[in-house]
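Here's the structure we're looking at; comments come further down.
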Amino acid sequence: MKIDKSLILLLLILTGCSALPSVKYTKIDNIEQFKKAQSDKYIDSFSLRDTRLVFNKTSKKDSAGKDKPDVTLSAEPIEFTGFKIIMDRDDGIGITTTLNLAKIENSSLPSEIGSDVTDKRVETIGKLGGAFVSAMAVLSGDKSENSIPEINLDKLPFQISLQKNHLHNNPRLYENTLDIGARIIVNQIPPDALPISSLDTPLKSNSLIYAACRKAEVSFKVNGIPKKYEFSVNDPDYFQTIAFPEKGKIKMHSECGASAISEKNDSIASNAEIFEAIANQAKAIKEALDKK
């Protein structure tokens with residue numbers, strides 16, 4: 001009697017299983033799609049980020065101690081409401097993924113994603129073999145001060161969504177002057193960003209999807225004095241990815257983007273340990289067959 005090739009193949013497949021956290025993404029546009037996409041492996045759903053620019057009128061003291069009008073600008077991450085993304089576990093054989101998705105309070109925006117992988121491939125190999133045997137902001141001047149428009153203080157406060165009002169499906173360098181008299185320049189999308197329209201789901205992945213980050217600059221004059229703000233903005237028409245650590249967390253940045261923080265994970269089996277487990281089980285299987 002020969003050793004069952006399918007079992008040996010299954011044991012070998014285990015060595016090729018990634019120990020990275022694995023998830024399945026499904027992009028949904030309405031509640032019916034949400035109901036249809038939900039499964040017993042459901043983790044959570046989340047929104048990509050958009051960026052809202054908020055201009056406020058304020059004042060500051062001049063050298064004589066008198067109040068002079070001034071303007072503050074902030075770039076705030078907000079929920080992109082065009083669609084949401086469902087995240088499901090997608091574990092390989094012998095791999096168990098634990099993901100904890102924390103969100104910004106009162107929103108569907110991720111703030112931190114904790115990941116932990118429990119690797120039981122060596123244990124699984126033993127069981128399989130045994131079963132066979134037994135059956136923001138920088139302020140500065142501007143080189144082209146003459147081209148900087150004067151902001152209209154009477155129109156403040158003022159806020160605007162960049163994706164909805166300006167960047168919609170525009171990957172190129174974007175430049176415009178807002179109705180309030182502020183000039184905005186947004187750099188082209190980064191080279192590793194992809195159109196969200198190319199996100200063909202359900203999609204299995206070892207990475208977190210987030211809205212693409214673009215550098216932006218807003219400049220204007222207040223009573224003839226130029227001001228320039230530089231920051232990063234979210235463009236949910238495009239996306240980037242960052243790999244989940246085996247154990248650790250992904251922390252979303254305050255303006256845009258994310259960082260992965262890894263921790264030591266002693267539960268991940270090395271290839272040597274997996275091959276040793278396969279060899280031991282192959283030997284046990286052979287010995288069992290020799291007795292027949």
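Every chain in the structure tokens takes a letter, A first, then B, and so on in the order presented; its residues are numbered from 1, and the ligands are numbered from 1 following the presented order.
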
- Message: Set the distance at 8 Å and use only C-alpha atoms: which residues neighbour segment 208-213 of chain A once local chain neighbours fewer than 2 positions away are removed? I'd like the list as a ChimeraX atom specification.
- Response: /A:48-50,189-190,193,205-206,215,232-244,256-257

Please produce a file of those selected residues containing N, CA and C atoms, as a PDB file, in the first residue's frame.
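Ended up saving to result29.pdb:
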```
ATOM      1  N   LEU A  48     -13.524  54.592   4.138  1.00  0.00           N
ATOM      2  CA  LEU A  48     -12.280  55.271   3.812  1.00  0.00           C
ATOM      3  C   LEU A  48     -12.387  56.736   4.226  1.00  0.00           C
ATOM      4  N   ARG A  49     -11.236  57.375   4.298  1.00  0.00           N
ATOM      5  CA  ARG A  49     -11.213  58.778   4.712  1.00  0.00           C
ATOM      6  C   ARG A  49     -11.327  59.736   3.527  1.00  0.00           C
ATOM      7  N   ASP A  50     -12.016  60.814   3.771  1.00  0.00           N
ATOM      8  CA  ASP A  50     -11.967  62.001   2.921  1.00  0.00           C
ATOM      9  C   ASP A  50     -11.332  63.091   3.788  1.00  0.00           C
ATOM     10  N   ILE A 189      -1.480  61.785  -7.464  1.00  0.00           N
ATOM     11  CA  ILE A 189      -1.545  60.628  -6.573  1.00  0.00           C
ATOM     12  C   ILE A 189      -0.172  59.944  -6.525  1.00  0.00           C
ATOM     13  N   PRO A 190       0.180  59.299  -5.406  1.00  0.00           N
ATOM     14  CA  PRO A 190       1.471  58.614  -5.315  1.00  0.00           C
ATOM     15  C   PRO A 190       1.541  57.422  -6.260  1.00  0.00           C
ATOM     16  N   ALA A 193      -0.479  54.153  -5.536  1.00  0.00           N
ATOM     17  CA  ALA A 193      -1.925  54.237  -5.353  1.00  0.00           C
ATOM     18  C   ALA A 193      -2.654  53.689  -6.566  1.00  0.00           C
ATOM     19  N   SER A 205      -6.622  39.421   1.121  1.00  0.00           N
ATOM     20  CA  SER A 205      -5.442  40.267   1.248  1.00  0.00           C
ATOM     21  C   SER A 205      -4.783  40.085   2.611  1.00  0.00           C
ATOM     22  N   ASN A 206      -3.483  40.375   2.663  1.00  0.00           N
ATOM     23  CA  ASN A 206      -2.723  40.419   3.914  1.00  0.00           C
ATOM     24  C   ASN A 206      -2.444  41.856   4.331  1.00  0.00           C
ATOM     25  N   LYS A 215      -0.128  65.127  -1.057  1.00  0.00           N
ATOM     26  CA  LYS A 215       0.372  66.356  -0.456  1.00  0.00           C
ATOM     27  C   LYS A 215      -0.432  67.543  -1.001  1.00  0.00           C
ATOM     28  N   SER A 232      -1.177  66.732   4.421  1.00  0.00           N
ATOM     29  CA  SER A 232      -1.573  65.583   3.603  1.00  0.00           C
ATOM     30  C   SER A 232      -3.090  65.472   3.606  1.00  0.00           C
ATOM     31  N   VAL A 233      -3.654  65.125   2.452  1.00  0.00           N
ATOM     32  CA  VAL A 233      -5.103  64.962   2.352  1.00  0.00           C
ATOM     33  C   VAL A 233      -5.426  63.557   1.861  1.00  0.00           C
ATOM     34  N   ASN A 234      -6.638  63.091   2.199  1.00  0.00           N
ATOM     35  CA  ASN A 234      -7.114  61.770   1.784  1.00  0.00           C
ATOM     36  C   ASN A 234      -7.889  61.877   0.479  1.00  0.00           C
ATOM     37  N   ASP A 235      -7.620  60.942  -0.413  1.00  0.00           N
ATOM     38  CA  ASP A 235      -8.379  60.878  -1.662  1.00  0.00           C
ATOM     39  C   ASP A 235      -8.977  59.472  -1.783  1.00  0.00           C
ATOM     40  N   PRO A 236     -10.253  59.285  -1.382  1.00  0.00           N
ATOM     41  CA  PRO A 236     -10.869  57.945  -1.395  1.00  0.00           C
ATOM     42  C   PRO A 236     -11.205  57.420  -2.788  1.00  0.00           C
ATOM     43  N   ASP A 237     -10.943  58.190  -3.834  1.00  0.00           N
ATOM     44  CA  ASP A 237     -11.092  57.662  -5.190  1.00  0.00           C
ATOM     45  C   ASP A 237      -9.931  56.748  -5.557  1.00  0.00           C
ATOM     46  N   TYR A 238      -8.888  56.759  -4.703  1.00  0.00           N
ATOM     47  CA  TYR A 238      -7.708  55.915  -4.894  1.00  0.00           C
ATOM     48  C   TYR A 238      -7.338  55.301  -3.549  1.00  0.00           C
ATOM     49  N   PHE A 239      -6.640  54.181  -3.598  1.00  0.00           N
ATOM     50  CA  PHE A 239      -6.298  53.535  -2.334  1.00  0.00           C
ATOM     51  C   PHE A 239      -4.848  53.063  -2.329  1.00  0.00           C
ATOM     52  N   GLN A 240      -4.310  52.944  -1.119  1.00  0.00           N
ATOM     53  CA  GLN A 240      -2.998  52.362  -0.883  1.00  0.00           C
ATOM     54  C   GLN A 240      -3.155  51.246   0.140  1.00  0.00           C
ATOM     55  N   THR A 241      -2.095  50.471   0.348  1.00  0.00           N
ATOM     56  CA  THR A 241      -2.168  49.360   1.293  1.00  0.00           C
ATOM     57  C   THR A 241      -0.941  49.345   2.201  1.00  0.00           C
ATOM     58  N   ILE A 242      -1.120  48.736   3.371  1.00  0.00           N
ATOM     59  CA  ILE A 242      -0.018  48.508   4.294  1.00  0.00           C
ATOM     60  C   ILE A 242      -0.214  47.122   4.895  1.00  0.00           C
ATOM     61  N   ALA A 243       0.846  46.314   4.923  1.00  0.00           N
ATOM     62  CA  ALA A 243       0.741  44.924   5.350  1.00  0.00           C
ATOM     63  C   ALA A 243       0.464  44.825   6.847  1.00  0.00           C
ATOM     64  N   PHE A 244      -0.420  43.886   7.205  1.00  0.00           N
ATOM     65  CA  PHE A 244      -0.645  43.603   8.616  1.00  0.00           C
ATOM     66  C   PHE A 244       0.605  42.967   9.215  1.00  0.00           C
ATOM     67  N   CYS A 256      -3.436  61.651   7.372  1.00  0.00           N
ATOM     68  CA  CYS A 256      -3.602  60.673   6.292  1.00  0.00           C
ATOM     69  C   CYS A 256      -2.535  59.595   6.429  1.00  0.00           C
ATOM     70  N   GLY A 257      -2.836  58.381   5.947  1.00  0.00           N
ATOM     71  CA  GLY A 257      -1.835  57.311   5.958  1.00  0.00           C
ATOM     72  C   GLY A 257      -1.854  56.492   7.235  1.00  0.00           C
TER      73      GLY A 257
END
```

- Task: Could you tell me, as a PyMOL selection string, which residues of segment 13-249 of chain A DSSP assigns to helix (DSSP H, G or I) when given the backbone?
- Result: chain A and resi 13-16+31-37+121-134+145-147+153-155+162-167+196-198

Write out, as a tab-separated table (two decimals), in the first residue's frame, the residues just selected, with C-alpha atoms.
```tsv
chain	number	residue	atom	x	y	z
A	13	ILE	CA	0.64	22.94	1.28
A	14	LEU	CA	0.80	23.95	4.92
A	15	THR	CA	4.39	25.08	4.47
A	16	GLY	CA	3.29	27.54	1.83
A	31	ILE	CA	-27.71	47.74	3.11
A	32	GLU	CA	-28.82	44.88	0.85
A	33	GLN	CA	-25.22	44.25	-0.23
A	34	PHE	CA	-24.20	44.42	3.43
A	35	LYS	CA	-26.73	41.72	4.40
A	36	LYS	CA	-25.67	39.53	1.49
A	37	ALA	CA	-21.94	39.89	2.23
A	121	ARG	CA	0.48	24.44	11.44
A	122	VAL	CA	2.87	22.13	13.29
A	123	GLU	CA	0.00	20.97	15.49
A	124	THR	CA	-2.26	20.60	12.45
A	125	ILE	CA	0.34	18.50	10.64
A	126	GLY	CA	0.50	16.22	13.66
A	127	LYS	CA	-3.27	15.88	13.76
A	128	LEU	CA	-3.55	15.20	10.04
A	129	GLY	CA	-0.83	12.58	10.13
A	130	GLY	CA	-2.22	11.09	13.32
A	131	ALA	CA	-5.68	10.92	11.82
A	132	PHE	CA	-4.30	9.00	8.81
A	133	VAL	CA	-2.44	6.57	11.03
A	134	SER	CA	-5.36	6.00	13.36
A	145	GLU	CA	3.53	86.36	-3.19
A	146	ASN	CA	2.00	88.50	-5.93
A	147	SER	CA	-0.05	85.55	-7.17
A	153	LEU	CA	-13.02	87.31	5.65
A	154	ASP	CA	-16.76	87.96	5.23
A	155	LYS	CA	-17.22	84.40	3.89
A	162	LEU	CA	-11.86	67.95	-1.21
A	163	GLN	CA	-13.02	64.71	-2.83
A	164	LYS	CA	-16.61	65.79	-3.35
A	165	ASN	CA	-15.93	69.33	-4.52
A	166	HIS	CA	-12.52	69.21	-6.20
A	167	LEU	CA	-10.56	65.97	-6.53
A	196	ILE	CA	-10.80	52.42	-6.12
A	197	SER	CA	-12.70	51.38	-9.27
A	198	SER	CA	-10.04	48.67	-9.76
```

- Shell of 7 Å around Val23 of chain A, only C-alpha atoms, local chain residues under 4 positions omitted, as a ChimeraX atom specification: /A:87-90,204-206

Could those selected residues go to a file with N, CA and C atoms, as a JSON list (two decimals), in the first residue's frame?
```
[["chain", "number", "residue", "atom", "x", "y", "z"],
["A", 87, "MET", "N", -14.87, 43.73, 6.30],
["A", 87, "MET", "CA", -13.66, 42.95, 6.54],
["A", 87, "MET", "C", -14.04, 41.63, 7.20],
["A", 88, "ASP", "N", -13.66, 40.52, 6.55],
["A", 88, "ASP", "CA", -13.88, 39.18, 7.09],
["A", 88, "ASP", "C", -12.54, 38.49, 7.32],
["A", 89, "ARG", "N", -12.51, 37.56, 8.26],
["A", 89, "ARG", "CA", -11.32, 36.72, 8.42],
["A", 89, "ARG", "C", -11.20, 35.79, 7.22],
["A", 90, "ASP", "N", -9.97, 35.48, 6.86],
["A", 90, "ASP", "CA", -9.72, 34.55, 5.75],
["A", 90, "ASP", "C", -8.50, 33.70, 6.09],
["A", 204, "LYS", "N", -9.13, 38.81, -1.28],
["A", 204, "LYS", "CA", -8.35, 38.29, -0.16],
["A", 204, "LYS", "C", -7.03, 39.04, -0.09],
["A", 205, "SER", "N", -6.62, 39.42, 1.12],
["A", 205, "SER", "CA", -5.44, 40.27, 1.25],
["A", 205, "SER", "C", -4.78, 40.08, 2.61],
["A", 206, "ASN", "N", -3.48, 40.38, 2.66],
["A", 206, "ASN", "CA", -2.72, 40.42, 3.91],
["A", 206, "ASN", "C", -2.44, 41.86, 4.33]]
```

- Message: Measuring between only C-alpha atoms, which one of A:Pro69, A:Gly114, A:Pro226, A:Pro157 shows the shortest distance to Asn56 of chain A?
- Response: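 That would be A:Pro157, the residue with the smallest distance to Asn56 of chain A.
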
- Message: What's around Leu101 of chain A at 7 Å? Count only C-alpha atoms, leave out sequence neighbours fewer than 3 positions away in its own chain, and write the answer as number ranges by chain.
- Response: A: 110, 112-114

- Task: Could you check how far atom CA of Phe220 of chain A sits from atom CA of Thr58 of chain A, in Å to one decimal?
- Result: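 Answer for the atom CA of Phe220 of chain A to atom CA of Thr58 of chain A separation: 14.8 Å.
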
- Message: For a test of reading the model, state the distance in Å between atom CA of Glu255 of chain A and atom CA of Phe231 of chain A, rounded to one decimal.
- Response: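 About the pair atom CA of Glu255 of chain A and atom CA of Phe231 of chain A: they are 7.6 Å apart.
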
- Query: Which of these residues is nearest to Asn187 of chain A, using only C-alpha atoms: A:Ala216, A:Leu203, A:Ile225, A:Ile104?
  - Reply: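 The closest residue to Asn187 of chain A is A:Ala216.
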